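**Student:** I'd like to ask you about the structure that follows.
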Amino acid sequence: MVSFVVFLQRELTLLARQKSDWLNPVLFFIIVLTLFPLGVGPEPNMLRIMAPGIVWIAALLSVLLAAERLFKDDYRNGVIEQLVASQQALMPFVLAKISGNWLSTGLPLVLLSPLVALLFNMESASLTAMALTLLLGTPVLSLLSVLGAAITVSADKGGILLALLILPLYIPLLIFASAAIEAASIGLGYQGQLAILLAIMLFALALVPMAVCSALKINVS
Amino acid sequence: MLFEQLSLQLHPGQLLQIKGKNGAGKSSLLRILAGLARADEGELYYQGQAIAQSRVDYATNLCFIGHQSGIHEQLTALENLRFWRAACDLTPADDLALLASLGLAGLEDIPCRMLSAGQQRRVSLARLWTTKAQIWILDEPFTALDQSAIATLQQHFVTHLEQGGAIILTTHQPLSLQYAQLFALEIHYRW
């Protein structure tokens, strides 16, 4: 527990020093969302229909963008190798990486949802639904992208491989999250979809950190 | 295959120097001994138990510093040391005095990428002054160090061995100090 706190502080220090690591994905998210209304035309009704899917796809891609470099430095300078040798410190390190990744890329997306609602002319019910799905869904995005980053850490050009491995795993998330926003926009209840998102998140939270540790072990040996 | 029919035992107080030409398999042997890689054949035992059973005990009693330093370039010497202290479950101590004794006084607060290769190696090796681990496995610890740092490090090796520790290292430098129990293992290049 002590080591987790120290490791998380280290992640946050690194994020503060390498601002491009988290600022670029957030800016990417905003730019993609601004391009859509320009591309498909400013028809408010059409935008409102398309918004749930677009928001979620932009979120997936921007989190993926942040994931690629996640373990690269620590792999290259031997930190991961030495943590694997020391065994017990690997899990807190992985948990700190996941938390740092969510704080730097997932949380900003949740905070940006009012801006997104403005861009797509969403009503307040849809905005609430979108913020809630992002709050429950972005941890899953972080968990899965950290897993992808761990699997591809020793690959030279891991970026595209990472996307191919991880994007299919996002499908359930995409379906239920956009369904929830859609239901909210036509005034229906969406607790069911949120419950499924929560279940997906808890399931991933329980299993993914162990998978990340194994993936790192395989990559250094 | 890099080597075969290799058998070695290490007891407290002993230093084992692994020698061999470049590419002979010194680092591979160290990685097997540190539990990072698996040998195609053969077993590793710790305190008479196969490593599969004693893995956790072994790992907590092991300090492995590989060819890469384990230093993040964007972090300062102090932050790096703090990270490793947490990773090895050690209580906080006077890191500033330790870094100063290794000739890094005044450099604690600048990112390690601004330090020279030798200074980075000193930051990395500072861990040896904080660790409680008995077994040290060091891959080329003297690389990039100057003569005085090598002398300090070897002096620390002697202290560690006297306290019942054990060291396995690879180096191309002759070990200059008088060690009570120094063994050498030479691996021959086979290709």
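Numbering starts fresh at 1 for the residues of each chain in the structure tokens, the chains themselves are lettered A, B, ... in the order given, and ligands are numbered from 1 as they appear.
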Which neighbours of Leu15 of chain B fall inside 9 Å, counting only C-alpha atoms, when residues of the same chain fewer than 4 positions from it are skipped, and could you give them as a list in words?
**Tutor:** Leu10, His11, Phe157, Leu161, Gly165, Ala166, Ile167, Ile168, Leu169, Tyr179, Ala180, Gln181, Leu182, Phe183 and Ala184 of chain B
**Student:** Please produce a file of the residues just selected, as a PDB file, in the first residue's frame, where the atoms kept are N, CA and C atoms.
**Tutor:**
```pdb
ATOM      1  N   LEU B  10      26.578 -20.931  -4.175  1.00  0.00           N
ATOM      2  CA  LEU B  10      27.048 -19.695  -3.576  1.00  0.00           C
ATOM      3  C   LEU B  10      26.623 -19.685  -2.119  1.00  0.00           C
ATOM      4  N   HIS B  11      27.574 -19.425  -1.246  1.00  0.00           N
ATOM      5  CA  HIS B  11      27.305 -19.394   0.188  1.00  0.00           C
ATOM      6  C   HIS B  11      27.445 -17.969   0.698  1.00  0.00           C
ATOM      7  N   PHE B 157      31.257  -3.666  -1.256  1.00  0.00           N
ATOM      8  CA  PHE B 157      31.144  -5.114  -1.485  1.00  0.00           C
ATOM      9  C   PHE B 157      31.752  -5.870  -0.303  1.00  0.00           C
ATOM     10  N   LEU B 161      29.884  -8.482   2.166  1.00  0.00           N
ATOM     11  CA  LEU B 161      30.291  -9.885   2.292  1.00  0.00           C
ATOM     12  C   LEU B 161      30.600 -10.231   3.740  1.00  0.00           C
ATOM     13  N   GLY B 165      26.523 -11.396   3.337  1.00  0.00           N
ATOM     14  CA  GLY B 165      25.847 -11.305   2.055  1.00  0.00           C
ATOM     15  C   GLY B 165      26.576 -12.102   0.991  1.00  0.00           C
ATOM     16  N   ALA B 166      25.991 -12.173  -0.183  1.00  0.00           N
ATOM     17  CA  ALA B 166      26.642 -12.862  -1.292  1.00  0.00           C
ATOM     18  C   ALA B 166      26.463 -12.028  -2.555  1.00  0.00           C
ATOM     19  N   ILE B 167      27.449 -12.066  -3.430  1.00  0.00           N
ATOM     20  CA  ILE B 167      27.391 -11.239  -4.632  1.00  0.00           C
ATOM     21  C   ILE B 167      27.751 -12.081  -5.855  1.00  0.00           C
ATOM     22  N   ILE B 168      26.963 -11.906  -6.896  1.00  0.00           N
ATOM     23  CA  ILE B 168      27.339 -12.475  -8.191  1.00  0.00           C
ATOM     24  C   ILE B 168      27.441 -11.300  -9.148  1.00  0.00           C
ATOM     25  N   LEU B 169      28.551 -11.184  -9.842  1.00  0.00           N
ATOM     26  CA  LEU B 169      28.656 -10.060 -10.774  1.00  0.00           C
ATOM     27  C   LEU B 169      29.439 -10.460 -12.012  1.00  0.00           C
ATOM     28  N   TYR B 179      39.416  -9.921  -1.477  1.00  0.00           N
ATOM     29  CA  TYR B 179      38.185 -10.508  -0.981  1.00  0.00           C
ATOM     30  C   TYR B 179      38.526 -11.830  -0.318  1.00  0.00           C
ATOM     31  N   ALA B 180      37.853 -12.103   0.809  1.00  0.00           N
ATOM     32  CA  ALA B 180      38.145 -13.331   1.526  1.00  0.00           C
ATOM     33  C   ALA B 180      37.797 -14.549   0.661  1.00  0.00           C
ATOM     34  N   GLN B 181      36.642 -14.504   0.050  1.00  0.00           N
ATOM     35  CA  GLN B 181      36.217 -15.653  -0.750  1.00  0.00           C
ATOM     36  C   GLN B 181      35.763 -15.189  -2.126  1.00  0.00           C
ATOM     37  N   LEU B 182      36.709 -15.132  -3.026  1.00  0.00           N
ATOM     38  CA  LEU B 182      36.399 -14.707  -4.387  1.00  0.00           C
ATOM     39  C   LEU B 182      36.507 -15.905  -5.321  1.00  0.00           C
ATOM     40  N   PHE B 183      35.443 -16.163  -6.045  1.00  0.00           N
ATOM     41  CA  PHE B 183      35.471 -17.262  -6.994  1.00  0.00           C
ATOM     42  C   PHE B 183      35.238 -16.708  -8.383  1.00  0.00           C
ATOM     43  N   ALA B 184      35.782 -17.360  -9.342  1.00  0.00           N
ATOM     44  CA  ALA B 184      35.548 -16.919 -10.709  1.00  0.00           C
ATOM     45  C   ALA B 184      35.024 -18.083 -11.522  1.00  0.00           C
TER      46      ALA B 184
END
```
**Student:** Within 7 Å of chain B, which residues of chain A show up? Give each one with its shortest atom-to-atom distance in Å (one decimal) and the two atoms involved, counting only C-alpha atoms, rows by chain then rising residue number, as JSON lines.
**Tutor:**
```
{"residue": "A:Ser3", "atom": "CA", "partner": "B:Ala86", "partner_atom": "CA", "distance": 4.8}
{"residue": "A:Val6", "atom": "CA", "partner": "B:Ala86", "partner_atom": "CA", "distance": 6.6}
{"residue": "A:Phe7", "atom": "CA", "partner": "B:Phe83", "partner_atom": "CA", "distance": 6.6}
{"residue": "A:Leu14", "atom": "CA", "partner": "B:Gln74", "partner_atom": "CA", "distance": 6.9}
{"residue": "A:Asp74", "atom": "CA", "partner": "B:His72", "partner_atom": "CA", "distance": 6.9}
{"residue": "A:Asn77", "atom": "CA", "partner": "B:Gly70", "partner_atom": "CA", "distance": 5.2}
{"residue": "A:Gly78", "atom": "CA", "partner": "B:Gly70", "partner_atom": "CA", "distance": 4.5}
{"residue": "A:Val79", "atom": "CA", "partner": "B:Gly70", "partner_atom": "CA", "distance": 4.3}
{"residue": "A:Gln82", "atom": "CA", "partner": "B:Phe64", "partner_atom": "CA", "distance": 6.3}
{"residue": "A:Ala85", "atom": "CA", "partner": "B:Leu36", "partner_atom": "CA", "distance": 6.1}
{"residue": "A:Ser86", "atom": "CA", "partner": "B:Ala59", "partner_atom": "CA", "distance": 5.0}
{"residue": "A:Gln87", "atom": "CA", "partner": "B:Ala59", "partner_atom": "CA", "distance": 6.1}
{"residue": "A:Ala89", "atom": "CA", "partner": "B:Ala87", "partner_atom": "CA", "distance": 5.2}
{"residue": "A:Ser221", "atom": "CA", "partner": "B:Ala37", "partner_atom": "CA", "distance": 4.8}
```
**Student:** Residues at most 10 Å from Ser148 of chain B, counting only C-alpha atoms, excluding those fewer than 6 positions away in the same chain, as a ChimeraX atom specification?
**Tutor:** /B:102-103,154
**Student:** Fewer than 2 positions away in the same chain doesn't count, so skip those; otherwise give me all residues within 10 Å of Val208 of chain A, counting only C-alpha atoms, as a PyMOL selection string.
**Tutor:** chain A and resi 94-95+98+140+143-144+146-147+203-206+210-214
**Student:** Filtering to C-alpha atoms, could you give me those residues as a short mmCIF file (atom, residue, chain, number, x, y, z; two decimals), in the first residue's frame?
**Tutor:**
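Output saved as out.cif:
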```cif
data_model
loop_
_atom_site.label_atom_id
_atom_site.label_comp_id
_atom_site.auth_asym_id
_atom_site.auth_seq_id
_atom_site.Cartn_x
_atom_site.Cartn_y
_atom_site.Cartn_z
CA VAL A 94 0.81 -1.84 -12.41
CA LEU A 95 -2.06 -0.47 -10.30
CA ILE A 98 -3.57 2.16 -14.42
CA VAL A 140 -12.40 0.09 -18.60
CA LEU A 143 -7.54 -0.97 -18.00
CA LEU A 144 -7.71 -2.50 -21.45
CA VAL A 146 -2.79 -0.63 -20.23
CA LEU A 147 -3.13 -4.36 -20.94
CA PHE A 203 -14.88 -7.53 -13.95
CA ALA A 204 -12.03 -5.80 -15.75
CA LEU A 205 -10.75 -4.27 -12.51
CA ALA A 206 -10.55 -7.70 -10.92
CA MET A 210 -3.06 -9.72 -13.04
CA ALA A 211 -3.01 -10.08 -16.81
CA VAL A 212 -0.85 -6.94 -17.08
CA CYS A 213 1.66 -8.38 -14.58
CA SER A 214 1.87 -11.63 -16.55
#
```
**Student:** State, in Å with one decimal place, the distance from atom CA of Ala50 of chain B to atom CA of Lys26 of chain B.
**Tutor:**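 That distance, rounded to one decimal, is 22.2 Å.
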**Student:** I'd like the neighbourhood of Leu173 of chain A as a compact mmCIF listing (two decimals) with C-alpha atoms, in the first residue's frame, where a residue qualifies if any of its atoms comes within 10 Å (using only C-alpha atoms), though same-chain residues fewer than 4 positions away should be ignored.
**Tutor:**
```
# COMPACT_ATOMS: atom_id res chain seq x y z
CA TRP A 56 -17.47 7.07 -27.60
CA LEU A 60 -11.65 5.01 -27.46
CA THR A 133 -21.26 6.32 -19.10
CA LEU A 136 -18.08 4.09 -15.67
CA GLY A 137 -16.54 3.37 -19.06
CA THR A 138 -13.25 5.26 -19.08
CA VAL A 140 -12.40 0.09 -18.60
CA LEU A 141 -10.75 1.95 -21.48
CA LEU A 169 -12.38 -5.66 -26.78
CA ALA A 177 -22.55 3.16 -23.53
CA SER A 178 -24.05 4.54 -26.72
CA ALA A 179 -27.29 2.66 -26.05
CA GLN A 193 -27.11 -0.19 -19.45
CA ILE A 196 -23.90 -3.57 -17.31
CA LEU A 197 -21.17 -0.93 -17.70
CA ILE A 200 -17.88 -4.72 -17.06
CA MET A 201 -15.75 -2.28 -15.09
```
**Student:** Of the candidates A:Leu15, A:Ala129, A:Leu109, A:Val116, which shows the shortest atom-to-atom distance to Arg69 of chain A, using only C-alpha atoms?
**Tutor:**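 Ranked by minimum distance to Arg69 of chain A, first place goes to A:Leu15.
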**Student:** Which of segment 62-217 of chain A end up as helix (DSSP H, G or I) when DSSP is run on this backbone - answer as a VMD selection string?
**Tutor:** chain A and resid 62 to 67 72 to 76 79 to 86 90 to 111 113 to 119 124 to 151 158 to 185 191 to 217
